[in-house]
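The next block is query-v4.pdb, given as PDB, C-alpha atoms.
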```pdb
ATOM      1  CA  MET D 935       0.000   0.000   0.000
ATOM      2  CA  GLU D 936       2.957   2.258   0.546
ATOM      3  CA  VAL D 937       4.057   1.620  -3.025
ATOM      4  CA  GLU D 938       0.720   2.907  -4.181
ATOM      5  CA  LEU D 939       0.971   5.973  -1.947
ATOM      6  CA  LEU D 940       4.396   6.712  -3.334
ATOM      7  CA  SER D 941       3.276   6.525  -6.912
ATOM      8  CA  ARG D 942       0.420   8.853  -6.086
ATOM      9  CA  LEU D 943       2.878  11.202  -4.428
ATOM     10  CA  ARG D 944       5.007  11.168  -7.560
ATOM     11  CA  ASN D 945       1.945  12.321  -9.436
ATOM     12  CA  GLY D 946       1.494  15.228  -7.078
ATOM     13  CA  ASP D 947      -1.410  13.785  -5.116
ATOM     14  CA  GLU D 948      -1.888  15.948  -2.046
ATOM     15  CA  GLU D 949      -3.923  13.358  -0.214
ATOM     16  CA  ALA D 950      -1.104  10.858  -0.524
ATOM     17  CA  PHE D 951       1.215  13.438   0.962
ATOM     18  CA  VAL D 952      -1.118  14.042   3.887
ATOM     19  CA  THR D 953      -1.395  10.322   4.556
ATOM     20  CA  LEU D 954       2.372   9.942   4.654
ATOM     21  CA  VAL D 955       2.709  12.977   6.883
ATOM     22  CA  ALA D 956       0.162  11.599   9.304
ATOM     23  CA  ARG D 957       2.065   8.350   9.430
ATOM     24  CA  TYR D 958       5.593   9.656   9.850
ATOM     25  CA  GLN D 959       5.431  13.131  11.295
ATOM     26  CA  GLN D 960       5.532  12.175  14.965
ATOM     27  CA  PRO D 961       8.299   9.611  14.722
ATOM     28  CA  MET D 962      10.249  12.142  12.657
ATOM     29  CA  LEU D 963       9.748  14.847  15.246
ATOM     30  CA  ARG D 964      10.844  12.524  17.995
ATOM     31  CA  LEU D 965      13.940  11.608  16.055
ATOM     32  CA  ALA D 966      14.727  15.226  15.178
ATOM     33  CA  ARG D 967      14.260  16.203  18.786
ATOM     34  CA  SER D 968      16.981  13.782  19.785
ATOM     35  CA  ILE D 969      19.406  15.423  17.376
ATOM     36  CA  VAL D 970      18.738  19.127  17.824
ATOM     37  CA  SER D 971      18.307  20.904  21.075
ATOM     38  CA  ASN D 972      15.041  22.737  20.637
ATOM     39  CA  GLN D 973      11.565  22.018  19.439
ATOM     40  CA  ALA D 974      11.409  24.811  16.863
ATOM     41  CA  VAL D 975      14.609  23.705  15.161
ATOM     42  CA  ALA D 976      13.370  20.119  15.208
ATOM     43  CA  GLU D 977      10.085  21.095  13.567
ATOM     44  CA  GLU D 978      11.938  23.027  10.921
ATOM     45  CA  ALA D 979      14.211  20.097  10.208
ATOM     46  CA  VAL D 980      11.165  17.864   9.788
ATOM     47  CA  GLN D 981       9.498  20.317   7.399
ATOM     48  CA  ASP D 982      12.726  20.557   5.533
ATOM     49  CA  ALA D 983      12.920  16.798   5.311
ATOM     50  CA  TRP D 984       9.388  16.615   3.893
ATOM     51  CA  MET D 985      10.364  19.058   1.209
ATOM     52  CA  GLY D 986      13.379  16.885   0.539
ATOM     53  CA  VAL D 987      11.026  13.943   0.198
ATOM     54  CA  VAL D 988       8.674  15.558  -2.308
ATOM     55  CA  ARG D 989      11.567  16.978  -4.306
ATOM     56  CA  GLY D 990      13.462  13.736  -4.294
ATOM     57  CA  ILE D 991      10.613  11.272  -4.688
ATOM     58  CA  ASP D 992      11.268  10.803  -8.398
ATOM     59  CA  ARG D 993      14.749   9.678  -7.592
ATOM     60  CA  PHE D 994      13.721   7.307  -4.823
ATOM     61  CA  GLU D 995      14.179   3.905  -6.378
ATOM     62  CA  GLY D 996      12.955   1.770  -3.559
ATOM     63  CA  ARG D 997      16.286   0.154  -2.882
ATOM     64  CA  SER D 998      15.895   1.087   0.737
ATOM     65  CA  SER D 999      12.529   1.145   2.431
ATOM     66  CA  PHE D1000      10.714   4.452   2.173
ATOM     67  CA  ARG D1001      10.883   4.817   5.926
ATOM     68  CA  THR D1002      14.633   4.356   5.982
ATOM     69  CA  TRP D1003      15.017   6.869   3.190
ATOM     70  CA  VAL D1004      12.832   9.467   4.899
ATOM     71  CA  PHE D1005      14.536   9.061   8.269
ATOM     72  CA  ARG D1006      17.909   9.353   6.625
ATOM     73  CA  ILE D1007      16.991  12.583   4.918
ATOM     74  CA  LEU D1008      15.718  13.857   8.240
ATOM     75  CA  VAL D1009      18.859  12.906  10.131
ATOM     76  CA  ASN D1010      20.959  14.725   7.545
ATOM     77  CA  ARG D1011      18.784  17.814   7.718
ATOM     78  CA  ALA D1012      18.630  17.851  11.493
ATOM     79  CA  ARG D1013      22.361  17.438  11.811
ATOM     80  CA  THR D1014      22.912  20.290   9.391
ATOM     81  CA  ALA D1015      20.373  22.423  11.233
ATOM     82  CA  GLY D1016      22.278  22.346  14.449
ATOM     83  CA  SER D1017      23.696  19.283  15.940
ATOM     84  CA  ARG D1018      24.117  19.225  19.660
ATOM     85  CA  GLU D1019      26.390  16.271  19.510
ATOM     86  CA  PRO D1020      29.153  15.944  16.962
ATOM     87  CA  VAL D1021      28.766  12.952  14.716
ATOM     88  CA  GLY D1022      30.953  10.156  15.901
ATOM     89  CA  ALA D1023      30.926  11.517  19.427
ATOM     90  CA  PRO D1024      31.926   8.979  21.998
ATOM     91  CA  ILE D1025      29.149   6.773  23.199
ATOM     92  CA  GLU D1026      27.398   8.167  26.203
ATOM     93  CA  ALA D1027      28.274   7.296  29.722
ATOM     94  CA  LEU D1028      28.352   3.613  30.316
ATOM     95  CA  HIS D1029      25.041   2.257  31.314
ATOM     96  CA  THR D1030      24.922  -1.339  32.293
ATOM     97  CA  VAL D1031      23.077  -3.090  35.037
ATOM     98  CA  ASP D1032      23.956  -1.540  38.391
ATOM     99  CA  PRO D1033      26.868  -3.534  39.892
ATOM    100  CA  ALA D1034      25.198  -3.221  43.290
ATOM    101  CA  ARG D1035      22.604  -5.709  42.073
ATOM    102  CA  PHE D1036      25.198  -8.477  42.147
ATOM    103  CA  ASP D1037      27.067 -10.162  44.928
ATOM    104  CA  GLY D1038      30.809 -10.711  45.091
ATOM    105  CA  ARG D1039      30.583 -13.699  42.760
ATOM    106  CA  GLY D1040      28.644 -11.802  40.110
ATOM    107  CA  GLN D1041      25.329 -13.452  40.952
ATOM    108  CA  TRP D1042      22.096 -11.594  41.555
ATOM    109  CA  ALA D1043      22.068 -10.411  45.158
ATOM    110  CA  ASP D1044      18.252 -10.506  45.211
ATOM    111  CA  PRO D1045      15.932 -12.582  43.066
ATOM    112  CA  ILE D1046      14.407 -11.017  39.962
ATOM    113  CA  GLU D1047      10.675 -10.724  40.421
ATOM    114  CA  ARG D1048       8.520 -11.884  37.554
ATOM    115  CA  TRP D1049       6.450  -9.065  36.117
ATOM    116  CA  VAL D1050       3.417 -11.077  35.093
ATOM    117  CA  ASP D1051       1.735 -14.331  36.026
ATOM    118  CA  GLU D1052       2.566 -17.459  34.112
ATOM    119  CA  SER D1053      -0.700 -17.106  32.237
ATOM    120  CA  GLU D1054       0.178 -13.739  30.702
ATOM    121  CA  ASP D1055       3.078 -13.003  28.462
ATOM    122  CA  ARG D1056       2.842  -9.255  28.173
ATOM    123  CA  LEU D1057       2.434  -6.129  30.220
ATOM    124  CA  ASP D1058      -0.771  -4.185  30.378
ATOM    125  CA  ALA D1059      -0.209  -1.479  27.768
ATOM    126  CA  ALA D1060      -2.592   1.089  29.223
ATOM    127  CA  THR D1061      -0.674   1.142  32.494
ATOM    128  CA  TRP D1062       2.868   0.803  31.250
ATOM    129  CA  LEU D1063       2.996   2.617  27.928
ATOM    130  CA  PRO D1064       2.994   6.131  29.418
ATOM    131  CA  ILE D1065       5.810   5.142  31.765
ATOM    132  CA  LEU D1066       7.824   3.608  28.976
ATOM    133  CA  ARG D1067       7.258   6.585  26.719
ATOM    134  CA  ALA D1068       8.542   8.961  29.402
ATOM    135  CA  ALA D1069      11.541   6.732  30.039
ATOM    136  CA  LEU D1070      12.311   6.709  26.333
ATOM    137  CA  ASP D1071      12.269  10.493  26.227
ATOM    138  CA  ASP D1072      14.730  10.540  29.120
ATOM    139  CA  LEU D1073      17.297   8.316  27.437
ATOM    140  CA  PRO D1074      20.510   9.958  26.275
ATOM    141  CA  PRO D1075      19.981  11.084  22.659
ATOM    142  CA  ARG D1076      21.967   8.430  20.843
ATOM    143  CA  GLN D1077      20.394   5.607  22.812
ATOM    144  CA  ARG D1078      16.990   7.130  22.257
ATOM    145  CA  GLN D1079      17.556   7.334  18.498
ATOM    146  CA  VAL D1080      18.522   3.702  18.244
ATOM    147  CA  VAL D1081      15.789   2.358  20.536
ATOM    148  CA  MET D1082      13.224   4.460  18.732
ATOM    149  CA  LEU D1083      14.184   3.262  15.306
ATOM    150  CA  ARG D1084      14.611  -0.362  16.312
ATOM    151  CA  ASP D1085      11.952  -1.023  18.918
ATOM    152  CA  VAL D1086       9.332   1.653  18.332
ATOM    153  CA  GLU D1087       9.550   1.998  14.554
ATOM    154  CA  GLY D1088      10.624  -1.552  13.934
ATOM    155  CA  LEU D1089      13.529  -0.852  11.593
ATOM    156  CA  SER D1090      16.092  -3.591  11.117
ATOM    157  CA  ASN D1091      19.595  -3.183  12.482
ATOM    158  CA  ASP D1092      20.939  -2.495   8.979
ATOM    159  CA  GLU D1093      18.327   0.155   8.356
ATOM    160  CA  THR D1094      19.044   1.789  11.689
ATOM    161  CA  CYS D1095      22.766   1.897  10.977
ATOM    162  CA  ALA D1096      22.040   3.428   7.575
ATOM    163  CA  VAL D1097      19.701   6.059   8.976
ATOM    164  CA  LEU D1098      22.068   7.145  11.715
ATOM    165  CA  GLY D1099      25.323   6.509   9.918
ATOM    166  CA  ILE D1100      26.724   4.352  12.706
ATOM    167  CA  SER D1101      28.452   0.996  12.762
ATOM    168  CA  ALA D1102      26.678  -2.246  13.630
ATOM    169  CA  GLY D1103      28.773  -2.493  16.781
ATOM    170  CA  ASN D1104      27.849   0.975  17.966
ATOM    171  CA  GLN D1105      24.244   0.342  17.181
ATOM    172  CA  ARG D1106      24.228  -2.764  19.370
ATOM    173  CA  ILE D1107      25.907  -1.003  22.259
ATOM    174  CA  LEU D1108      23.472   1.905  22.147
ATOM    175  CA  LEU D1109      20.524  -0.457  21.831
ATOM    176  CA  HIS D1110      21.766  -2.512  24.750
ATOM    177  CA  ARG D1111      22.181   0.467  27.029
ATOM    178  CA  GLY D1112      18.863   1.938  26.036
ATOM    179  CA  ARG D1113      16.932  -1.284  26.583
ATOM    180  CA  THR D1114      18.747  -1.953  29.833
ATOM    181  CA  ARG D1115      17.693   1.444  31.099
ATOM    182  CA  LEU D1116      14.075   1.097  29.982
ATOM    183  CA  ARG D1117      13.739  -2.242  31.727
ATOM    184  CA  GLU D1118      15.203  -0.721  34.842
ATOM    185  CA  VAL D1119      12.658   2.113  34.850
ATOM    186  CA  LEU D1120       9.781  -0.337  34.467
ATOM    187  CA  GLU D1121      11.188  -2.517  37.215
ATOM    188  CA  ALA D1122      11.495   0.417  39.597
ATOM    189  CA  LYS D1123       7.845   1.286  38.964
ATOM    190  CA  MET D1124       6.718  -2.315  39.427
ATOM    191  CA  GLU D1125       8.307  -2.452  42.811
ATOM    192  CA  LYS D1126       6.655   0.726  43.916
ATOM    193  CA  ASP D1127       3.174  -0.578  43.127
TER     194      ASP D1127
ATOM    195  CA  MET W1403      26.490 -29.342  35.223
ATOM    196  CA  LEU W1404      29.898 -30.921  35.012
ATOM    197  CA  SER W1405      31.391 -28.246  32.826
ATOM    198  CA  LEU W1406      34.419 -26.408  34.059
ATOM    199  CA  ARG W1407      33.638 -23.510  36.335
ATOM    200  CA  GLY W1408      35.985 -21.217  34.473
ATOM    201  CA  LYS W1409      33.944 -21.577  31.340
ATOM    202  CA  ASP W1410      30.661 -20.680  32.934
ATOM    203  CA  ILE W1411      29.381 -17.175  32.870
ATOM    204  CA  VAL W1412      27.936 -15.444  35.889
ATOM    205  CA  CYS W1413      24.755 -13.357  36.048
ATOM    206  CA  GLN W1414      26.573 -10.073  35.835
ATOM    207  CA  GLN W1415      28.126 -11.171  32.543
ATOM    208  CA  ALA W1416      24.960 -12.761  31.247
ATOM    209  CA  VAL W1417      22.871  -9.587  31.494
ATOM    210  CA  GLU W1418      25.388  -7.745  29.343
ATOM    211  CA  LEU W1419      25.074 -10.400  26.634
ATOM    212  CA  VAL W1420      21.311 -10.146  26.366
ATOM    213  CA  THR W1421      21.210  -7.733  23.449
ATOM    214  CA  ASP W1422      23.897  -9.525  21.481
ATOM    215  CA  TYR W1423      21.969 -12.727  22.113
ATOM    216  CA  LEU W1424      18.682 -11.276  20.863
ATOM    217  CA  GLU W1425      20.482  -9.719  17.893
ATOM    218  CA  GLY W1426      21.955 -13.080  17.008
ATOM    219  CA  SER W1427      25.439 -11.658  17.146
ATOM    220  CA  LEU W1428      26.986 -13.917  19.774
ATOM    221  CA  SER W1429      29.525 -16.463  18.648
ATOM    222  CA  ARG W1430      28.199 -19.981  18.732
ATOM    223  CA  ARG W1431      30.296 -20.730  21.777
ATOM    224  CA  ASP W1432      29.059 -17.699  23.683
ATOM    225  CA  ARG W1433      25.484 -18.428  22.726
ATOM    226  CA  ARG W1434      25.823 -21.921  24.144
ATOM    227  CA  ARG W1435      27.307 -20.593  27.375
ATOM    228  CA  PHE W1436      24.592 -17.967  27.619
ATOM    229  CA  GLU W1437      21.811 -20.487  27.070
ATOM    230  CA  ALA W1438      23.384 -22.911  29.516
ATOM    231  CA  HIS W1439      23.437 -20.165  32.099
ATOM    232  CA  LEU W1440      19.766 -19.327  31.484
ATOM    233  CA  ARG W1441      18.741 -22.930  31.965
ATOM    234  CA  GLU W1442      20.251 -22.916  35.416
ATOM    235  CA  CYS W1443      19.421 -19.390  36.474
ATOM    236  CA  PRO W1444      15.766 -18.448  36.904
ATOM    237  CA  ASN W1445      16.777 -14.871  37.696
ATOM    238  CA  CYS W1446      18.552 -14.314  34.415
ATOM    239  CA  ALA W1447      15.742 -16.116  32.586
ATOM    240  CA  ALA W1448      13.296 -13.704  34.202
ATOM    241  CA  TYR W1449      15.580 -10.810  33.292
ATOM    242  CA  LEU W1450      15.636 -11.846  29.629
ATOM    243  CA  GLU W1451      11.876 -12.157  29.678
ATOM    244  CA  GLN W1452      11.599  -8.632  31.075
ATOM    245  CA  ILE W1453      13.818  -7.278  28.323
ATOM    246  CA  ARG W1454      11.582  -9.010  25.788
ATOM    247  CA  MET W1455       8.493  -7.469  27.380
ATOM    248  CA  THR W1456      10.135  -4.076  27.349
ATOM    249  CA  ILE W1457      10.838  -4.419  23.619
ATOM    250  CA  GLU W1458       7.313  -5.576  22.953
ATOM    251  CA  LEU W1459       5.866  -2.683  24.911
ATOM    252  CA  ALA W1460       8.076  -0.216  23.017
ATOM    253  CA  GLY W1461       6.629  -1.618  19.802
ATOM    254  CA  ALA W1462       3.179  -0.646  21.027
ATOM    255  CA  ILE W1463       4.045   3.047  21.310
ATOM    256  CA  GLU W1464       1.849   4.799  18.787
ATOM    257  CA  PRO W1465       2.688   8.172  17.368
ATOM    258  CA  GLU W1466       0.497  10.789  18.965
ATOM    259  CA  ASP W1467      -2.008  12.262  16.597
ATOM    260  CA  LEU W1468      -0.890  15.212  14.597
ATOM    261  CA  THR W1469      -2.499  18.464  15.529
ATOM    262  CA  ALA W1470      -4.666  19.979  12.837
ATOM    263  CA  GLU W1471      -2.352  22.998  12.679
ATOM    264  CA  ALA W1472       0.743  20.933  12.176
ATOM    265  CA  ARG W1473      -0.915  19.029   9.397
ATOM    266  CA  GLN W1474      -2.159  22.213   7.747
ATOM    267  CA  ASP W1475       1.323  23.738   7.867
ATOM    268  CA  LEU W1476       2.651  20.822   5.935
ATOM    269  CA  VAL W1477      -0.147  20.845   3.423
ATOM    270  CA  ASP W1478       0.507  24.532   2.807
ATOM    271  CA  LEU W1479       4.153  23.795   2.333
ATOM    272  CA  TYR W1480       3.332  21.044  -0.094
ATOM    273  CA  ARG W1481       1.103  23.302  -2.145
ATOM    274  CA  ARG W1482       3.815  25.923  -2.274
ATOM    275  CA  TRP W1483       6.276  23.337  -3.444
ATOM    276  CA  ARG W1484       3.915  22.099  -6.098
ATOM    277  CA  SER W1485       3.326  25.567  -7.469
ATOM    278  CA  GLU W1486       7.091  26.133  -7.491
ATOM    279  CA  LYS W1487       7.541  22.944  -9.364
ATOM    280  CA  HIS W1488       5.331  24.161 -12.118
ATOM    281  CA  ARG W1489       7.265  27.346 -12.584
ATOM    282  CA  PRO W1490       8.805  27.908 -16.010
ATOM    283  CA  PRO W1491      11.872  25.874 -16.883
ATOM    284  CA  GLY W1492      15.082  27.255 -15.551
ATOM    285  CA  ALA W1493      13.892  27.270 -11.988
ATOM    286  CA  SER W1494      15.927  24.616 -10.318
ATOM    287  CA  THR W1495      14.135  21.825  -8.574
ATOM    288  CA  THR W1496      17.122  19.659  -7.896
ATOM    289  CA  ASP W1497      18.987  21.733  -5.388
ATOM    290  CA  GLY W1498      17.458  20.124  -2.385
ATOM    291  CA  GLY W1499      20.647  18.626  -1.117
ATOM    292  CA  PRO W1500      21.792  15.057  -1.022
ATOM    293  CA  LEU W1501      18.567  13.367  -1.885
ATOM    294  CA  ASP W1502      19.755  10.644  -4.116
ATOM    295  CA  GLU W1503      19.701   7.355  -2.250
ATOM    296  CA  ARG W1504      23.293   6.736  -3.184
ATOM    297  CA  ASN W1505      24.326  10.026  -1.711
ATOM    298  CA  GLN W1506      22.515   9.638   1.543
ATOM    299  CA  ASP W1507      25.647   8.854   3.389
ATOM    300  CA  GLY W1508      24.065   9.811   6.654
ATOM    301  CA  ARG W1509      27.180  11.339   8.057
TER     302      ARG W1509
END
```
Written as structure tokens, that's how I'd like the structure from this file.
Amino acid sequence: MEVELLSRLRNGDEEAFVTLVARYQQPMLRLARSIVSNQAVAEEAVQDAWMGVVRGIDRFEGRSSFRTWVFRILVNRARTAGSREPVGAPIEALHTVDPARFDGRGQWADPIERWVDESEDRLDAATWLPILRAALDDLPPRQRQVVMLRDVEGLSNDETCAVLGISAGNQRILLHRGRTRLREVLEAKMEKD
Amino acid sequence: MLSLRGKDIVCQQAVELVTDYLEGSLSRRDRRRFEAHLRECPNCAAYLEQIRMTIELAGAIEPEDLTAEARQDLVDLYRRWRSEKHRPPGASTTDGGPLDERNQDGR
């Protein structure tokens, strides 16, 4: 269905444009926001990226997914617009599981509580989504970018590397730290309730 | 298990292998050690399950709806672009930066 939308966009169909905007605008804003330091600049970068999309659509050959292509344009625009972190900056402060959780032999000091009963295999979205969303927004920018593209948007690791221009190794490290942190936030909330 | 202690991994190591494990990027040997550890360690098994739930929950985040204004801004922009596009020849439409897929180096 996206193929059809794209061919309509090539023909200057405004409705197709609106549909694509509705689908991608928020993820794009979120991504832009993790690259530039203020909302106005982020919004401008997103607008800019959309113009890049409509101008470049004839040259988009579908060798990457549309989503990857759009995000990549956006990342380029946002970085040009005012990057708050130089590309290739060192990976943010180490975040692994808190060493205090382990005893002297490297084993868990306290048991890990299960989050759900045996009968369920997922968390209740209505309760936990807002918490997760807030935790995602609090991640350091590079971790947030990777987790967003991988886990929220569902891009593959190759696509994510292409969008952000990072190596597979870096991508995995950022993803690991981001996921580790998100789990930790959820766990802390579970224990409180 | 009768395997040599020195070859076993401990919990603190196992949790740092979780992402590489899920990404399928562990060596076969490390994957075996990781899985062996999980079989014996309910805590790390529960930890892995929590990471999986976290990922699944992240996948359920929906983009918030666009405000009407934001959408209208973009539609206006699009219309402007389209009218530009139909300007007489000579007006450049290909100066939008590195838009070719091959040139999207992302750096």
| query | Residues of chain D within 6 Å of chain W, using all atoms listed in the file, as a ChimeraX atom specification? | reply | /D:960,986,990,1010,1040-1041,1045-1046,1056,1085-1086,1099,1110,1117
| said: What's the separation between CA of Ala983 (chain D) and CA of Thr1014 (chain D), in Å to one decimal place? | reply: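 One can read the CA of Ala983 (chain D) to CA of Thr1014 (chain D) distance as 11.3 Å.
Among D:Val937, D:Ala976, D:Phe1036, D:Leu963, the residue with the shortest atom-to-atom distance to Gly996 (chain D), counting only C-alpha atoms, is D:Val937.
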| task | Can you work out the spacing between CA of Thr1114 (chain D) and CA of Leu1070 (chain D) in Å, to one decimal? | result | 11.3 Å
| request: Evaluate the PyMOL selection byres ((chain D and resi 1003) around 9) here and jot the selected residues down as a PyMOL selection string. | output: (chain D and resi 987+994+996+998-1002+1004-1008+1096-1097) or (chain W and resi 1501+1503+1506)
| task | Check what the PyMOL selection byres ((chain D and resi 1058) around 12) selects in the file above and give those residues as a PyMOL selection string. | result | (chain D and resi 1049-1051+1054-1057+1059-1066+1120+1124) or (chain W and resi 1455-1456+1458-1459+1462)
| request: Have a look at CA of Glu938 (chain D) and CA of Cys1095 (chain D) and let me know their distance in Å, one decimal. | output: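 It comes out at 26.8 Å.
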| request: Please provide as a list of chain:residue names all residues within 10 Å of Gln973 (chain D), with the sequence filter that same-chain residues fewer than 6 positions apart are discarded (counting all atoms listed in the file). | output: D:Leu963, D:Arg964, D:Ala966, D:Arg967, D:Ala979
| If you apply the PyMOL selection byres ((chain D and resi 1094) around 9) to this file, what residues do you get, as a VMD selection string? | chain D and resid 1002 1079 to 1080 1083 to 1084 1089 to 1093 1095 to 1100 1102 1105
Dump C-alpha atoms for the selected residues as an mmCIF file, in the coordinates of the input?
```
data_model
loop_
_atom_site.group_PDB
_atom_site.id
_atom_site.type_symbol
_atom_site.label_atom_id
_atom_site.label_comp_id
_atom_site.auth_asym_id
_atom_site.auth_seq_id
_atom_site.Cartn_x
_atom_site.Cartn_y
_atom_site.Cartn_z
ATOM 1 C CA THR D 1002 14.633 4.356 5.982
ATOM 2 C CA GLN D 1079 17.556 7.334 18.498
ATOM 3 C CA VAL D 1080 18.522 3.702 18.244
ATOM 4 C CA LEU D 1083 14.184 3.262 15.306
ATOM 5 C CA ARG D 1084 14.611 -0.362 16.312
ATOM 6 C CA LEU D 1089 13.529 -0.852 11.593
ATOM 7 C CA SER D 1090 16.092 -3.591 11.117
ATOM 8 C CA ASN D 1091 19.595 -3.183 12.482
ATOM 9 C CA ASP D 1092 20.939 -2.495 8.979
ATOM 10 C CA GLU D 1093 18.327 0.155 8.356
ATOM 11 C CA CYS D 1095 22.766 1.897 10.977
ATOM 12 C CA ALA D 1096 22.040 3.428 7.575
ATOM 13 C CA VAL D 1097 19.701 6.059 8.976
ATOM 14 C CA LEU D 1098 22.068 7.145 11.715
ATOM 15 C CA GLY D 1099 25.323 6.509 9.918
ATOM 16 C CA ILE D 1100 26.724 4.352 12.706
ATOM 17 C CA ALA D 1102 26.678 -2.246 13.630
ATOM 18 C CA GLN D 1105 24.244 0.342 17.181
#
```
